[in-house]
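Take a look at the structure below.
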Amino acid sequence: MFNPRTPNAFKPDEYWIIGTILLVGGLTGVLLNLFVIYNLKKRPVFHCAFGRICLSHSIAACGNNATYGLMVAPITFIDADLHESYVGKRSGLFICLFWTAGILCHLLMAINRFVCMYFPFRYPHIFTERFTNISIGIVWFISIAVSVAQFIPGCECFIWIDNFNFEFYPNFCGILLGLYADFVTSVICIALVALLDFCTYLKIRKHFSADRIQNLGNNSTSKGNVKFFYQSAAQGFASGLEVITYFYISPHVTHKWVRYCLSACFFLGVNVIDAIIVTVFNKEIRHQIYVSKKEKYQIEQALRTPTVTMSSKNTTIAAKD
């Protein structure tokens with residue numbers, strides 16, 4: 001919520017340091033998430049329900065960092081007091097838009113993996129293309145509804161330059177948006193993500209041993225779907241840690257730089273880590289950057305292995321006859 005002026009607030013001669021951190025961290029997250037978005041669109045393995053939800057989440061993560069790197073940082077360099085102007089307050093609108101979309105996409109990914117593992121035969125009929133698109137549309141509709149409410153005077157979310165965190169005014173609208181639409185929604189979503197992921201993990205441990213996964217082929221309970229779960233769980237864990245540090249730990253820290261690192265810096269870092277998680281868990285994206293010697297050897301062996309097609313086999317048999 002809205003913080004009063006404090007003795008340990010940031011001083012004007014420290015604004016350039018803050019602006020530099022926001023610029024570098026923001027642009028780094030934008031570039032990494034754009035790389036992920038490009039590959040999610042291009043690689044056929046992600047042309048599925050989970051891939052589309054993951055794409056939506058990466059767009060939200062990219063938007064969060066873009067707001068910091070392309071809007072908050074330049075305003076900080078020009079004149080930090082502009083953060084409380086009409087134009088400066090629009091950054092809070094974009095942060096609420098992309099943060100809400102990102103946290104709801106986390107919940108949607110957890111639901112997707114839960115349904116995939118508990119109802120593998122019904123999964124293709126539940127997460128159809130139409131259902132997936134409608135679900136993603138609802139996520140962005142809710143996010144837009146929360147963000148456009150900030151056009152109402154007194155309902156804005158803006159950078160409070162004492163600590164360079166986003167704050168709401170201490171009025172009814174600020175409490176409604178800041179406490180319930182932002183804080184309570186984030187906590188509920190992360191709690192549900194943790195519960196769904198835990199149940200999905202138990203299902204995997206109970207029914208899908210490593211040996212069985214290797215023999216399941218390309219059906220809905222394949223190794224690829226299990227990999228998607230661990231990716232989603234890692235992303236959810238990172239966001240859960242960010243919610244805890246941002247809402248629960250940083251407000252109790254008195255040192256301004258430690259508080260700043262646990263709030264704004266960690267917020268930027270989570271979106272960077274999110275892109276790294278998607279890259280690391282998926283070799284289709286990871287191989288665009290680095291291929292290990294073991295993986296390179298396996299690829300070369302696969303290319304050297306001769307394949308016999310049905311037509312060539314039939315030709316050989318006919319020649320013998």
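Just so we're on the same page: first chain in the structure tokens is A, next is B, and so on; residues restart at 1 for each chain, and ligands are numbered from 1 in the order they show up.
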
Taking only C-alpha atoms into account, produce a table as CSV in which each residue of region 53-112 of chain A with an atom at most 9 Å from an atom of region 174-195 of chain A appears once, together with its shortest atom pair and the distance in Å to one decimal, ordered by chain and rising number.
residue,atom,partner,partner_atom,distance
A:Cys96,CA,A:Asp182,CA,7.6
A:Trp99,CA,A:Asp182,CA,8.7
A:Thr100,CA,A:Asp182,CA,7.4
A:Ile103,CA,A:Ser186,CA,6.6
A:Leu104,CA,A:Cys189,CA,6.9
A:His106,CA,A:Val193,CA,7.0
A:Leu107,CA,A:Val193,CA,5.4
A:Leu108,CA,A:Val193,CA,8.6
A:Met109,CA,A:Val193,CA,8.5
A:Ala110,CA,A:Val193,CA,5.7
A:Ile111,CA,A:Val193,CA,7.9

Check your understanding: Could you name the residues that touch Ile249 (chain A) at 12 Å or less, counting only C-alpha atoms, but leaving out those on the same chain fewer than 2 positions away, as a ChimeraX atom specification?
Key -> /A:241-247,251-254,258-263,266

Review point. Restricting the calculation to only C-alpha atoms, which member of A:Met117, A:Ser135, A:His83, A:Thr279 is positioned closest to Lys206 (chain A)?
Key: A:Met117

Point to revise | Residue among A:Trp16, A:Tyr248, A:Phe121, A:Tyr68 lying closest to Phe158 (chain A), counting only C-alpha atoms | key: A:Tyr68

Show me a table, sorted first by chain and then by increasing residue number, of the residues of region 33-77 of chain A having an atom at most 12 Å from region 159-171 of chain A, each with its shortest atom pair and the distance in Å to one decimal, counting only C-alpha atoms and written as CSV.
residue,atom,partner,partner_atom,distance
A:Thr67,CA,A:Ile159,CA,11.7
A:Tyr68,CA,A:Ile159,CA,10.5
A:Met71,CA,A:Ile159,CA,11.1
A:Val72,CA,A:Ile159,CA,8.1
A:Ala73,CA,A:Phe164,CA,10.6
A:Ile75,CA,A:Ile159,CA,10.4
A:Thr76,CA,A:Ile161,CA,9.1

**Study point:** CA of Cys265 (chain A) to CA of Pro74 (chain A), distance in Å rounded to a single decimal
**Key:**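 If I compute the distance from CA of Cys265 (chain A) to CA of Pro74 (chain A), I get 16.4 Å.
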
As a PDB file with all heavy atoms, in the first residue's frame, which residues of region 33-175 of chain A does DSSP assign to strand (DSSP E)?
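Final file, result04.pdb:
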ATOM      1  N   CYS A 157      -1.995   2.934  -9.863  1.00  0.00           N
ATOM      2  CA  CYS A 157      -0.819   2.276  -9.291  1.00  0.00           C
ATOM      3  C   CYS A 157       0.395   2.963  -9.904  1.00  0.00           C
ATOM      4  O   CYS A 157       0.479   3.112 -11.122  1.00  0.00           O
ATOM      5  CB  CYS A 157      -0.833   0.785  -9.634  1.00  0.00           C
ATOM      6  SG  CYS A 157       0.637  -0.124  -9.133  1.00  0.00           S
ATOM      7  N   PHE A 158       1.327   3.405  -9.074  1.00  0.00           N
ATOM      8  CA  PHE A 158       2.438   4.198  -9.595  1.00  0.00           C
ATOM      9  C   PHE A 158       3.716   3.932  -8.800  1.00  0.00           C
ATOM     10  O   PHE A 158       3.680   3.342  -7.711  1.00  0.00           O
ATOM     11  CB  PHE A 158       2.104   5.692  -9.550  1.00  0.00           C
ATOM     12  CG  PHE A 158       1.857   6.218  -8.154  1.00  0.00           C
ATOM     13  CD1 PHE A 158       2.861   6.839  -7.437  1.00  0.00           C
ATOM     14  CD2 PHE A 158       0.611   6.062  -7.557  1.00  0.00           C
ATOM     15  CE1 PHE A 158       2.647   7.305  -6.154  1.00  0.00           C
ATOM     16  CE2 PHE A 158       0.384   6.530  -6.268  1.00  0.00           C
ATOM     17  CZ  PHE A 158       1.396   7.152  -5.562  1.00  0.00           C
ATOM     18  N   ILE A 159       4.832   4.356  -9.355  1.00  0.00           N
ATOM     19  CA  ILE A 159       6.126   4.214  -8.680  1.00  0.00           C
ATOM     20  C   ILE A 159       6.243   5.251  -7.572  1.00  0.00           C
ATOM     21  O   ILE A 159       6.161   6.454  -7.814  1.00  0.00           O
ATOM     22  CB  ILE A 159       7.293   4.385  -9.681  1.00  0.00           C
ATOM     23  CG1 ILE A 159       7.394   3.175 -10.611  1.00  0.00           C
ATOM     24  CG2 ILE A 159       8.622   4.580  -8.936  1.00  0.00           C
ATOM     25  CD1 ILE A 159       7.932   1.913  -9.959  1.00  0.00           C
ATOM     26  N   TRP A 160       6.418   4.777  -6.356  1.00  0.00           N
ATOM     27  CA  TRP A 160       6.648   5.655  -5.207  1.00  0.00           C
ATOM     28  C   TRP A 160       8.160   5.782  -5.038  1.00  0.00           C
ATOM     29  O   TRP A 160       8.845   4.822  -4.711  1.00  0.00           O
ATOM     30  CB  TRP A 160       5.997   5.059  -3.966  1.00  0.00           C
ATOM     31  CG  TRP A 160       6.068   5.892  -2.730  1.00  0.00           C
ATOM     32  CD1 TRP A 160       6.694   5.584  -1.569  1.00  0.00           C
ATOM     33  CD2 TRP A 160       5.461   7.173  -2.535  1.00  0.00           C
ATOM     34  NE1 TRP A 160       6.546   6.578  -0.657  1.00  0.00           N
ATOM     35  CE2 TRP A 160       5.780   7.580  -1.228  1.00  0.00           C
ATOM     36  CE3 TRP A 160       4.705   8.019  -3.355  1.00  0.00           C
ATOM     37  CZ2 TRP A 160       5.358   8.804  -0.702  1.00  0.00           C
ATOM     38  CZ3 TRP A 160       4.277   9.229  -2.824  1.00  0.00           C
ATOM     39  CH2 TRP A 160       4.602   9.607  -1.517  1.00  0.00           C
ATOM     40  N   ASN A 165       9.006   1.175  -5.599  1.00  0.00           N
ATOM     41  CA  ASN A 165       8.064   0.073  -5.763  1.00  0.00           C
ATOM     42  C   ASN A 165       6.738   0.630  -6.242  1.00  0.00           C
ATOM     43  O   ASN A 165       6.437   1.807  -6.030  1.00  0.00           O
ATOM     44  CB  ASN A 165       7.855  -0.672  -4.440  1.00  0.00           C
ATOM     45  CG  ASN A 165       9.015  -1.564  -4.101  1.00  0.00           C
ATOM     46  OD1 ASN A 165       9.704  -2.072  -4.984  1.00  0.00           O
ATOM     47  ND2 ASN A 165       9.263  -1.759  -2.809  1.00  0.00           N
ATOM     48  N   PHE A 166       5.934  -0.225  -6.865  1.00  0.00           N
ATOM     49  CA  PHE A 166       4.601   0.193  -7.274  1.00  0.00           C
ATOM     50  C   PHE A 166       3.676   0.202  -6.059  1.00  0.00           C
ATOM     51  O   PHE A 166       3.629  -0.757  -5.294  1.00  0.00           O
ATOM     52  CB  PHE A 166       4.055  -0.728  -8.366  1.00  0.00           C
ATOM     53  CG  PHE A 166       4.614  -0.453  -9.730  1.00  0.00           C
ATOM     54  CD1 PHE A 166       5.666  -1.201 -10.235  1.00  0.00           C
ATOM     55  CD2 PHE A 166       4.096   0.583 -10.498  1.00  0.00           C
ATOM     56  CE1 PHE A 166       6.175  -0.936 -11.494  1.00  0.00           C
ATOM     57  CE2 PHE A 166       4.611   0.858 -11.755  1.00  0.00           C
ATOM     58  CZ  PHE A 166       5.647   0.106 -12.260  1.00  0.00           C
ATOM     59  N   GLU A 167       2.947   1.297  -5.895  1.00  0.00           N
ATOM     60  CA  GLU A 167       2.061   1.471  -4.751  1.00  0.00           C
ATOM     61  C   GLU A 167       0.682   1.930  -5.212  1.00  0.00           C
ATOM     62  O   GLU A 167       0.520   2.454  -6.322  1.00  0.00           O
ATOM     63  CB  GLU A 167       2.632   2.513  -3.774  1.00  0.00           C
ATOM     64  CG  GLU A 167       4.067   2.268  -3.326  1.00  0.00           C
ATOM     65  CD  GLU A 167       4.177   1.169  -2.303  1.00  0.00           C
ATOM     66  OE1 GLU A 167       3.114   0.691  -1.834  1.00  0.00           O
ATOM     67  OE2 GLU A 167       5.306   0.790  -1.957  1.00  0.00           O
ATOM     68  N   PHE A 168      -0.319   1.726  -4.354  1.00  0.00           N
ATOM     69  CA  PHE A 168      -1.666   2.239  -4.574  1.00  0.00           C
ATOM     70  C   PHE A 168      -1.980   3.310  -3.529  1.00  0.00           C
ATOM     71  O   PHE A 168      -1.394   3.318  -2.444  1.00  0.00           O
ATOM     72  CB  PHE A 168      -2.705   1.117  -4.462  1.00  0.00           C
ATOM     73  CG  PHE A 168      -2.703   0.153  -5.617  1.00  0.00           C
ATOM     74  CD1 PHE A 168      -1.917  -0.988  -5.585  1.00  0.00           C
ATOM     75  CD2 PHE A 168      -3.502   0.380  -6.732  1.00  0.00           C
ATOM     76  CE1 PHE A 168      -1.919  -1.882  -6.643  1.00  0.00           C
ATOM     77  CE2 PHE A 168      -3.512  -0.511  -7.796  1.00  0.00           C
ATOM     78  CZ  PHE A 168      -2.709  -1.642  -7.754  1.00  0.00           C
TER      79      PHE A 168
END

Exercise for review: From a DSSP pass on the backbone, collect the residues of region 40-242 of chain A flagged as alpha helix (DSSP H) and hand them back as number ranges by chain.
Suggested key: A: 40-42, 49-67, 73-78, 90-118, 123-126, 129-148, 172-174, 185-207, 210-214, 223-242

Using only C-alpha atoms, please write the residues we just selected to a file, as a CSV table (one decimal), in the first residue's frame.
chain,number,residue,atom,x,y,z
A,40,LEU,CA,7.4,-21.3,-28.9
A,41,LYS,CA,5.8,-20.0,-32.1
A,42,LYS,CA,8.2,-21.8,-34.4
A,49,ALA,CA,-2.6,-26.5,-25.5
A,50,PHE,CA,0.2,-26.2,-23.0
A,51,GLY,CA,2.5,-24.5,-25.6
A,52,ARG,CA,-0.2,-21.8,-26.2
A,53,ILE,CA,-0.6,-21.2,-22.5
A,54,CYS,CA,3.2,-21.1,-22.1
A,55,LEU,CA,3.4,-18.6,-25.0
A,56,SER,CA,0.7,-16.4,-23.3
A,57,HIS,CA,2.7,-16.5,-20.0
A,58,SER,CA,6.0,-15.5,-21.8
A,59,ILE,CA,4.2,-12.6,-23.4
A,60,ALA,CA,3.1,-11.4,-20.0
A,61,ALA,CA,6.7,-11.9,-18.6
A,62,CYS,CA,8.1,-9.9,-21.5
A,63,GLY,CA,5.5,-7.2,-20.9
A,64,ASN,CA,6.5,-6.9,-17.2
A,65,ASN,CA,10.2,-6.3,-18.1
A,66,ALA,CA,9.4,-4.1,-21.0
A,67,THR,CA,7.4,-1.8,-18.6
A,73,ALA,CA,13.8,3.4,-16.4
A,74,PRO,CA,13.7,6.3,-18.9
A,75,ILE,CA,11.3,8.3,-16.7
A,76,THR,CA,13.7,7.8,-13.8
A,77,PHE,CA,16.6,9.1,-15.8
A,78,ILE,CA,14.6,12.1,-17.1
A,90,ARG,CA,0.4,4.5,-16.9
A,91,SER,CA,3.4,2.3,-16.0
A,92,GLY,CA,1.3,0.9,-13.1
A,93,LEU,CA,-1.5,0.1,-15.5
A,94,PHE,CA,0.8,-2.0,-17.7
A,95,ILE,CA,2.4,-3.7,-14.6
A,96,CYS,CA,-1.0,-4.7,-13.3
A,97,LEU,CA,-2.0,-5.9,-16.8
A,98,PHE,CA,1.0,-8.2,-17.3
A,99,TRP,CA,1.4,-9.3,-13.7
A,100,THR,CA,-2.2,-10.4,-13.5
A,101,ALA,CA,-2.0,-12.2,-16.8
A,102,GLY,CA,1.2,-13.9,-15.8
A,103,ILE,CA,-0.1,-15.2,-12.5
A,104,LEU,CA,-3.3,-16.4,-14.0
A,105,CYS,CA,-1.4,-18.2,-16.8
A,106,HIS,CA,0.6,-20.0,-14.1
A,107,LEU,CA,-2.7,-21.3,-12.7
A,108,LEU,CA,-3.9,-22.3,-16.1
A,109,MET,CA,-0.6,-24.2,-16.8
A,110,ALA,CA,-1.0,-26.0,-13.4
A,111,ILE,CA,-4.6,-27.0,-14.3
A,112,ASN,CA,-3.5,-28.2,-17.7
A,113,ARG,CA,-0.8,-30.5,-16.3
A,114,PHE,CA,-3.2,-31.7,-13.6
A,115,VAL,CA,-5.8,-32.7,-16.1
A,116,CYS,CA,-3.2,-34.2,-18.4
A,117,MET,CA,-1.9,-36.6,-15.7
A,118,TYR,CA,-5.1,-37.5,-14.0
A,123,TYR,CA,-7.4,-34.5,-21.8
A,124,PRO,CA,-7.6,-34.1,-25.6
A,125,HIS,CA,-11.3,-33.6,-25.4
A,126,ILE,CA,-11.1,-31.1,-22.5
A,129,GLU,CA,-8.1,-25.6,-29.3
A,130,ARG,CA,-11.4,-23.8,-28.7
A,131,PHE,CA,-11.3,-24.3,-24.9
A,132,THR,CA,-7.6,-23.3,-24.7
A,133,ASN,CA,-8.2,-20.1,-26.7
A,134,ILE,CA,-11.3,-19.2,-24.6
A,135,SER,CA,-9.3,-19.8,-21.3
A,136,ILE,CA,-6.4,-17.6,-22.5
A,137,GLY,CA,-8.9,-15.0,-23.6
A,138,ILE,CA,-10.6,-15.0,-20.1
A,139,VAL,CA,-7.1,-14.6,-18.5
A,140,TRP,CA,-6.4,-11.5,-20.6
A,141,PHE,CA,-10.0,-10.1,-20.2
A,142,ILE,CA,-9.6,-10.2,-16.4
A,143,SER,CA,-6.2,-8.6,-16.6
A,144,ILE,CA,-7.4,-5.8,-18.8
A,145,ALA,CA,-10.4,-5.2,-16.5
A,146,VAL,CA,-8.1,-4.8,-13.5
A,147,SER,CA,-5.7,-2.5,-15.3
A,148,VAL,CA,-8.2,-0.2,-17.0
A,172,PHE,CA,-11.2,2.5,-1.0
A,173,CYS,CA,-10.2,2.0,-4.7
A,174,GLY,CA,-6.6,1.5,-3.7
A,185,THR,CA,-5.5,-12.8,-6.2
A,186,SER,CA,-1.7,-13.5,-6.4
A,187,VAL,CA,-1.7,-15.4,-3.1
A,188,ILE,CA,-4.7,-17.5,-4.0
A,189,CYS,CA,-3.4,-18.4,-7.5
A,190,ILE,CA,0.1,-19.4,-6.1
A,191,ALA,CA,-1.5,-21.5,-3.4
A,192,LEU,CA,-3.7,-23.3,-6.0
A,193,VAL,CA,-0.7,-23.8,-8.3
A,194,ALA,CA,1.3,-25.3,-5.4
A,195,LEU,CA,-1.6,-27.6,-4.5
A,196,LEU,CA,-2.2,-28.7,-8.1
A,197,ASP,CA,1.5,-29.2,-8.7
A,198,PHE,CA,1.9,-31.3,-5.6
A,199,CYS,CA,-1.1,-33.5,-6.6
A,200,THR,CA,0.3,-33.9,-10.1
A,201,TYR,CA,3.7,-34.8,-8.7
A,202,LEU,CA,2.2,-37.5,-6.6
A,203,LYS,CA,0.5,-38.9,-9.6
A,204,ILE,CA,3.7,-39.0,-11.6
A,205,ARG,CA,5.6,-40.7,-8.8
A,206,LYS,CA,2.9,-43.3,-8.2
A,207,HIS,CA,2.1,-44.3,-11.8
A,210,ALA,CA,11.3,-43.7,-15.4
A,211,ASP,CA,11.2,-47.0,-17.2
A,212,ARG,CA,7.5,-46.8,-18.0
A,213,ILE,CA,7.8,-43.2,-19.2
A,214,GLN,CA,10.4,-44.4,-21.8
A,223,LYS,CA,7.8,-38.2,-21.3
A,224,GLY,CA,7.3,-34.9,-23.0
A,225,ASN,CA,4.2,-34.2,-21.0
A,226,VAL,CA,6.0,-35.0,-17.8
A,227,LYS,CA,8.8,-32.7,-18.8
A,228,PHE,CA,6.2,-29.9,-19.4
A,229,PHE,CA,5.0,-30.5,-15.8
A,230,TYR,CA,8.4,-30.0,-14.3
A,231,GLN,CA,8.9,-26.9,-16.4
A,232,SER,CA,5.6,-25.5,-15.2
A,233,ALA,CA,6.3,-26.4,-11.6
A,234,ALA,CA,9.7,-24.7,-11.7
A,235,GLN,CA,8.1,-21.5,-13.1
A,236,GLY,CA,5.4,-21.7,-10.4
A,237,PHE,CA,8.0,-22.1,-7.7
A,238,ALA,CA,9.9,-19.0,-8.9
A,239,SER,CA,6.7,-16.9,-9.0
A,240,GLY,CA,5.7,-18.2,-5.5
A,241,LEU,CA,9.1,-17.2,-4.2
A,242,GLU,CA,8.7,-13.8,-5.8

Exercise for review: Provide the CA of Gly69 (chain A) to CA of Gly25 (chain A) distance in Å, to one decimal place.
Suggested key: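 Distance between the two atoms: 7.0 Å.
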
Check your understanding: Pick the closest to Glu84 (chain A) from A:Phe281, A:Glu156, A:Leu22, A:Asn39: which is it, counting only C-alpha atoms?
Key ->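 Using only C-alpha atoms, Glu84 (chain A) sits closest to A:Glu156.
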